[in-house]
Amino acid sequence: MLELDDASRHYIVAGRTVAALDDVTQHFSDGSITTVVGRSGCGKTTLLRLLAGLTEPSSGRVQRAPSHSIGVVFQEARLMPWLDVAANVAFPLKKRLSEAEIADRVSDSLSLVGLTEARRALPSQLSGGMAQRVAIARALAQHPDILLLDEPFSALDAFTRRRLQGVLIDIWQERRPTVVLVTHDVEEAVLLGESVIEMESGRVVGRVPLDIPFPREATDPAVVDYRRRILARLVDGAPFSSIQNPRRNP
Amino acid sequence: MPARRILVPATVFASVILLWWLTHQAGWTNAYLLPAPAAVIEALVDLAASGLLVKHTLVSLQRVLLGFGLSVGLALPLAVLMSASRPARAVLDPLLEFARQVPPLALIPLLILWLGIGEAQKLGIIVLASFFPVFLGFRGGIDGVDTKLVEVGRVAGLSRREILTRIVLPSALPELVVGLRISLGYSWRALVGAELIASSAGLGYMIIDAENLARTDIVLAGILVIGAIGLLSDLVLRLAIGRAFPWLSPHLEAARA
Ligand SMILES: Nc1ncnc2c1ncn2[C@@H]1O[C@H](COP(=O)(O)OP(=O)(O)OP(=O)(O)O)[C@@H](O)[C@H]1O
Ligand SMILES: [Mg+2]
């Protein structure tokens, strides 16, 4: 169970109250994968932080099964500068698993993100995209029940991004965590979401279910069509009713 | 790069000595006020041959290491305690802030009255002088921990204690290292101050004794030895830290005492 009930989060910025999240009610069923799109500053990170329990709502509630473990990929890599790549990936697992299990998890998830060679490097020696992949590996190695990702592929080249999008879908299909992925890339949202949540200035203004089977192709006409319509909605504010059943309506 | 890192300072030192030698050759300086380089080297050799140099150096070195060790041993737990406990901070902060304003040398008369003129008084001065840099460095490092890293620990379900030991303390290390190096430097300075006043051994004593005997060559020899040992102990500290924590290497260059 993962749910926001009338959740709001206000901040005082320079004397003015900003509603980073405004009365949001959303349910994320167990084992679902949901993507969240919206412009910069619309509250995507705030939504994720509430789900992760890192920020308390100003009003309303966040519900999460207490037994569920959480893995988070933050918008920044947030690696411990004193630990090498392998130790950073192992960081959340220490004292929770045996050393042998940790070693397996670390090498598995490093090979998933293509960083086996860099396991002994220090964070200061990594490129931005490499650091981001280490952060992804760290969250994947946890095998969390809930996986929250904040623009996890933003620093990657198009090629690596495609590959990791595929990795994420594979892992989701295999282990069925509840995934919430934030992105500002509408195509990515359409490629990865069973449903896409659209946000605008702190509010959820739409939730579009996508009945396209995984794995999806960016060139699939259905993907292209959803992408075009969500984008149009983001840019012009076209009503969501116009993007039902895109297949019948190309 | 490493060759250059040795070459440049070596050239600077060599030039200073050359200049010193030249002024002496030209007869611009009074041999009593500034003895020739050769005279100082001779004094050094004599001191070394008689065993006095080793004796005084060992006495001073022991005092510095003991005093510095005491400071570090006091400062680290205190910094952790004050960062972890609000009441401890409320009580200790004003007291320590006051104590920090008082120059250790101003306390020498009191220390002599309380602790006599033996080792305790000298260690007391070194501790007073070297405590604050390491203490403040470590506290600053702890308080300045990146909350973004702490959040990584929180979502991983780490306890408060684990967050302290696995995130806060390691991330305080760079500032701790700066504090350690400054403290070690202050220990040397304070030591010589202490030995100038009430002592019968040590490099500070050697210098003041030589002054009484009008032996400026020995005074200069003592100064050279103190400077060299200071440089050397800083180097050893840096190498030890660089070896124990390779990720700190970039910070070590920035941390000049
Ligand atoms: N800690 C904070 N203090 C003050 N204001 C905040 C804080 N966090 C977020 N905000 C404000 O809340 C709003 C939403 O921020 P949020 O980080 O959730 O946006 P976002 O959708 O993730 O943006 P981006 O795509 O640029 O990452 C912004 O107006 C921001 O200024
Ligand atoms: Mg954000």
# chains A, B, ... in the order shown; residues from 1 in each chain; ligands from 1

$ residues_around --residues "B:Ile182" --least-positions-apart "5" --cutoff "12 Å" --atoms "only C-alpha atoms" --output "number ranges by chain"
B: 68, 72, 129-137, 175-177, 187-189, 230-231, 233-234, 237-238, 252, 255-257

$ closest_atom_pairs --of "chain A" --to "chain B" --cutoff "10 Å" --atoms "only C-alpha atoms" --output "CSV"
residue,atom,partner,partner_atom,distance
A:Ala52,CA,B:Val155,CA,7.0
A:Gly53,CA,B:Val155,CA,7.8
A:Leu54,CA,B:Glu151,CA,7.2
A:Ser69,CA,B:Ala156,CA,8.0
A:Ile70,CA,B:Val155,CA,6.4
A:Gly71,CA,B:Val155,CA,7.0
A:Val72,CA,B:Val155,CA,7.2
A:Val73,CA,B:Val152,CA,9.2
A:Phe74,CA,B:Val152,CA,8.7
A:Glu76,CA,B:Lys148,CA,9.1
A:Ala77,CA,B:Leu149,CA,9.7
A:Arg78,CA,B:Leu149,CA,6.0
A:Leu79,CA,B:Leu149,CA,7.3
A:Met80,CA,B:Leu149,CA,7.0
A:Pro81,CA,B:Trp247,CA,7.1
A:Trp82,CA,B:Trp247,CA,5.6
A:Leu83,CA,B:Trp247,CA,8.0
A:Asp84,CA,B:Trp247,CA,8.8
A:Phe91,CA,B:Gly153,CA,8.6
A:Pro92,CA,B:Ala156,CA,5.3
A:Leu93,CA,B:Ala156,CA,8.2
A:Lys94,CA,B:Leu158,CA,9.9
A:Leu122,CA,B:Trp247,CA,7.1
A:Pro123,CA,B:Trp247,CA,9.0
A:Ser124,CA,B:Trp247,CA,8.2
A:Gln125,CA,B:Trp247,CA,10.0
A:Ala139,CA,B:Ala156,CA,9.2
A:Gln142,CA,B:Ala156,CA,8.6
A:Pro144,CA,B:Ala156,CA,9.7

$ write_last_selection --atoms "C-alpha atoms" --output "compact mmCIF listing (two decimals), in the first residue's frame"
# COMPACT_ATOMS: atom_id res chain seq x y z
CA ALA A 52 9.66 8.24 0.96
CA GLY A 53 8.83 9.68 4.38
CA LEU A 54 11.63 12.26 4.12
CA SER A 69 11.43 -1.32 2.41
CA ILE A 70 12.18 1.75 0.30
CA GLY A 71 14.87 2.40 -2.25
CA VAL A 72 15.33 5.95 -3.48
CA VAL A 73 17.28 7.31 -6.43
CA PHE A 74 17.57 10.99 -5.67
CA GLU A 76 21.43 14.03 -7.39
CA ALA A 77 23.68 11.00 -6.98
CA ARG A 78 24.35 11.54 -3.25
CA LEU A 79 27.27 9.15 -2.98
CA MET A 80 29.46 8.96 0.11
CA PRO A 81 32.72 10.57 -1.03
CA TRP A 82 34.79 8.41 1.34
CA LEU A 83 33.51 5.10 -0.08
CA ASP A 84 34.43 3.56 -3.41
CA PHE A 91 26.02 1.00 1.87
CA PRO A 92 22.31 0.32 2.59
CA LEU A 93 22.90 -3.43 2.86
CA LYS A 94 25.61 -3.46 5.54
CA LEU A 122 36.03 6.90 -5.77
CA PRO A 123 33.01 9.16 -6.41
CA SER A 124 35.33 12.10 -7.13
CA GLN A 125 36.71 10.11 -10.06
CA ALA A 139 18.81 1.44 -4.95
CA GLN A 142 18.38 -3.16 -1.97
CA PRO A 144 13.19 -2.70 -2.21

$ residues_near_ligand --ligand "ligand 1" --cutoff "6 Å" --atoms "only C-alpha atoms and all ligand atoms" --output "PDB file with N, CA and C atoms, in the first residue's frame"
ATOM      1  N   TYR A  11       5.715  25.496   1.801  1.00  0.00           N
ATOM      2  CA  TYR A  11       6.993  26.057   2.230  1.00  0.00           C
ATOM      3  C   TYR A  11       6.852  27.567   2.266  1.00  0.00           C
ATOM      4  N   VAL A  13       8.732  30.670   1.309  1.00  0.00           N
ATOM      5  CA  VAL A  13       9.893  31.100   0.535  1.00  0.00           C
ATOM      6  C   VAL A  13       9.854  32.621   0.444  1.00  0.00           C
ATOM      7  N   ALA A  20       4.076  23.510  -2.493  1.00  0.00           N
ATOM      8  CA  ALA A  20       4.875  22.610  -3.332  1.00  0.00           C
ATOM      9  C   ALA A  20       4.020  21.413  -3.740  1.00  0.00           C
ATOM     10  N   ARG A  39       6.347  20.196 -15.359  1.00  0.00           N
ATOM     11  CA  ARG A  39       7.430  21.155 -15.554  1.00  0.00           C
ATOM     12  C   ARG A  39       8.295  21.260 -14.310  1.00  0.00           C
ATOM     13  N   SER A  40       9.444  21.850 -14.498  1.00  0.00           N
ATOM     14  CA  SER A  40      10.346  22.112 -13.377  1.00  0.00           C
ATOM     15  C   SER A  40       9.635  22.940 -12.310  1.00  0.00           C
ATOM     16  N   GLY A  41       9.750  22.500 -11.052  1.00  0.00           N
ATOM     17  CA  GLY A  41       9.161  23.244  -9.954  1.00  0.00           C
ATOM     18  C   GLY A  41       7.698  22.932  -9.691  1.00  0.00           C
ATOM     19  N   CYS A  42       7.130  21.930 -10.387  1.00  0.00           N
ATOM     20  CA  CYS A  42       5.698  21.653 -10.204  1.00  0.00           C
ATOM     21  C   CYS A  42       5.427  20.780  -8.979  1.00  0.00           C
ATOM     22  N   GLY A  43       6.487  20.275  -8.324  1.00  0.00           N
ATOM     23  CA  GLY A  43       6.273  19.510  -7.094  1.00  0.00           C
ATOM     24  C   GLY A  43       6.561  18.027  -7.201  1.00  0.00           C
ATOM     25  N   LYS A  44       7.238  17.602  -8.255  1.00  0.00           N
ATOM     26  CA  LYS A  44       7.497  16.175  -8.435  1.00  0.00           C
ATOM     27  C   LYS A  44       8.391  15.617  -7.334  1.00  0.00           C
ATOM     28  N   THR A  45       9.477  16.336  -7.072  1.00  0.00           N
ATOM     29  CA  THR A  45      10.389  15.864  -6.024  1.00  0.00           C
ATOM     30  C   THR A  45       9.700  15.865  -4.664  1.00  0.00           C
ATOM     31  N   THR A  46       8.891  16.873  -4.416  1.00  0.00           N
ATOM     32  CA  THR A  46       8.169  16.944  -3.151  1.00  0.00           C
ATOM     33  C   THR A  46       7.243  15.742  -2.992  1.00  0.00           C
TER      34      THR A  46
END

$ residues_around --residues "A:Thr116" --least-positions-apart "2" --cutoff "12 Å" --atoms "only C-alpha atoms" --output "PDB file with C-alpha atoms, in the first residue's frame"
ATOM      1  CA  VAL A  85      31.751   2.600  -5.917  1.00  0.00           C
ATOM      2  CA  ALA A  86      31.265  -0.930  -4.593  1.00  0.00           C
ATOM      3  CA  VAL A  89      26.327   0.296  -3.551  1.00  0.00           C
ATOM      4  CA  VAL A 106      26.799  -5.416  -5.511  1.00  0.00           C
ATOM      5  CA  SER A 107      28.274  -7.175  -8.513  1.00  0.00           C
ATOM      6  CA  ASP A 108      24.842  -7.950  -9.939  1.00  0.00           C
ATOM      7  CA  SER A 109      23.605  -4.388  -9.773  1.00  0.00           C
ATOM      8  CA  LEU A 110      26.894  -2.886 -10.919  1.00  0.00           C
ATOM      9  CA  SER A 111      26.797  -5.083 -13.999  1.00  0.00           C
ATOM     10  CA  LEU A 112      23.168  -4.054 -14.609  1.00  0.00           C
ATOM     11  CA  VAL A 113      24.232  -0.416 -14.823  1.00  0.00           C
ATOM     12  CA  GLY A 114      27.421  -1.280 -16.710  1.00  0.00           C
ATOM     13  CA  ALA A 118      34.568   1.107 -11.938  1.00  0.00           C
ATOM     14  CA  ARG A 119      33.913  -0.777  -8.714  1.00  0.00           C
ATOM     15  CA  ARG A 120      37.098   0.460  -7.031  1.00  0.00           C
ATOM     16  CA  ALA A 121      36.790   4.086  -8.181  1.00  0.00           C
ATOM     17  CA  MET A 130      28.548   7.349 -13.886  1.00  0.00           C
ATOM     18  CA  ARG A 133      24.324   4.993 -12.390  1.00  0.00           C
ATOM     19  CA  VAL A 134      26.028   4.128  -9.086  1.00  0.00           C
ATOM     20  CA  ALA A 137      22.743   0.456  -8.617  1.00  0.00           C
TER      21      ALA A 137
END

$ atom_distance --atom1 "atom CA of B:Leu235" --atom2 "atom CA of B:Ala194"
24.1 Å

$ closest_residue --among "A:Pro152, A:Gly206, A:Pro57, A:Gly193" --to "ligand 2" --atoms "only C-alpha atoms and all ligand atoms"
A:Pro152

$ closest_residue --among "A:Val190, A:Ile136, A:Ala141, A:Ala222" --to "A:Leu97" --atoms "only C-alpha atoms"
A:Ala141

$ select_by_dssp --residues "stretch 3-214 of chain A" --states "alpha helix (DSSP H)" --output "PyMOL selection string"
chain A and resi 44-52+85-90+99-112+128-141+158-175+186-192

$ decode --residues "stretch 102-119 of chain A" --atoms "N, CA and C atoms" --output "compact mmCIF listing (two decimals), in the first residue's frame"
# COMPACT_ATOMS: atom_id res chain seq x y z
N ILE A 102 25.89 -9.62 0.17
CA ILE A 102 26.15 -8.24 -0.24
C ILE A 102 27.03 -8.22 -1.48
N ALA A 103 28.10 -9.03 -1.46
CA ALA A 103 29.02 -9.05 -2.60
C ALA A 103 28.27 -9.44 -3.88
N ASP A 104 27.37 -10.42 -3.77
CA ASP A 104 26.58 -10.82 -4.95
C ASP A 104 25.70 -9.68 -5.45
N ARG A 105 24.98 -9.08 -4.51
CA ARG A 105 24.08 -7.98 -4.89
C ARG A 105 24.86 -6.86 -5.56
N VAL A 106 26.02 -6.53 -4.98
CA VAL A 106 26.80 -5.42 -5.51
C VAL A 106 27.25 -5.74 -6.93
N SER A 107 27.79 -6.94 -7.14
CA SER A 107 28.27 -7.17 -8.51
C SER A 107 27.11 -7.31 -9.48
N ASP A 108 26.00 -7.89 -9.03
CA ASP A 108 24.84 -7.95 -9.94
C ASP A 108 24.39 -6.56 -10.36
N SER A 109 24.20 -5.67 -9.38
CA SER A 109 23.60 -4.39 -9.77
C SER A 109 24.62 -3.50 -10.48
N LEU A 110 25.91 -3.65 -10.16
CA LEU A 110 26.89 -2.89 -10.92
C LEU A 110 26.94 -3.35 -12.37
N SER A 111 26.77 -4.66 -12.60
CA SER A 111 26.80 -5.08 -14.00
C SER A 111 25.52 -4.65 -14.71
N LEU A 112 24.40 -4.56 -13.98
CA LEU A 112 23.17 -4.05 -14.61
C LEU A 112 23.35 -2.64 -15.14
N VAL A 113 24.06 -1.80 -14.37
CA VAL A 113 24.23 -0.42 -14.82
C VAL A 113 25.53 -0.23 -15.62
N GLY A 114 26.24 -1.34 -15.86
CA GLY A 114 27.42 -1.28 -16.71
C GLY A 114 28.63 -0.64 -16.05
N LEU A 115 28.79 -0.84 -14.74
CA LEU A 115 29.91 -0.19 -14.05
C LEU A 115 30.81 -1.19 -13.33
N THR A 116 30.81 -2.43 -13.80
CA THR A 116 31.65 -3.44 -13.14
C THR A 116 33.11 -2.99 -13.06
N GLU A 117 33.57 -2.36 -14.13
CA GLU A 117 34.98 -1.94 -14.19
C GLU A 117 35.31 -0.87 -13.16
N ALA A 118 34.31 -0.07 -12.78
CA ALA A 118 34.57 1.11 -11.94
C ALA A 118 34.39 0.80 -10.46
N ARG A 119 34.31 -0.47 -10.08
CA ARG A 119 33.91 -0.78 -8.71
C ARG A 119 34.86 -0.24 -7.66
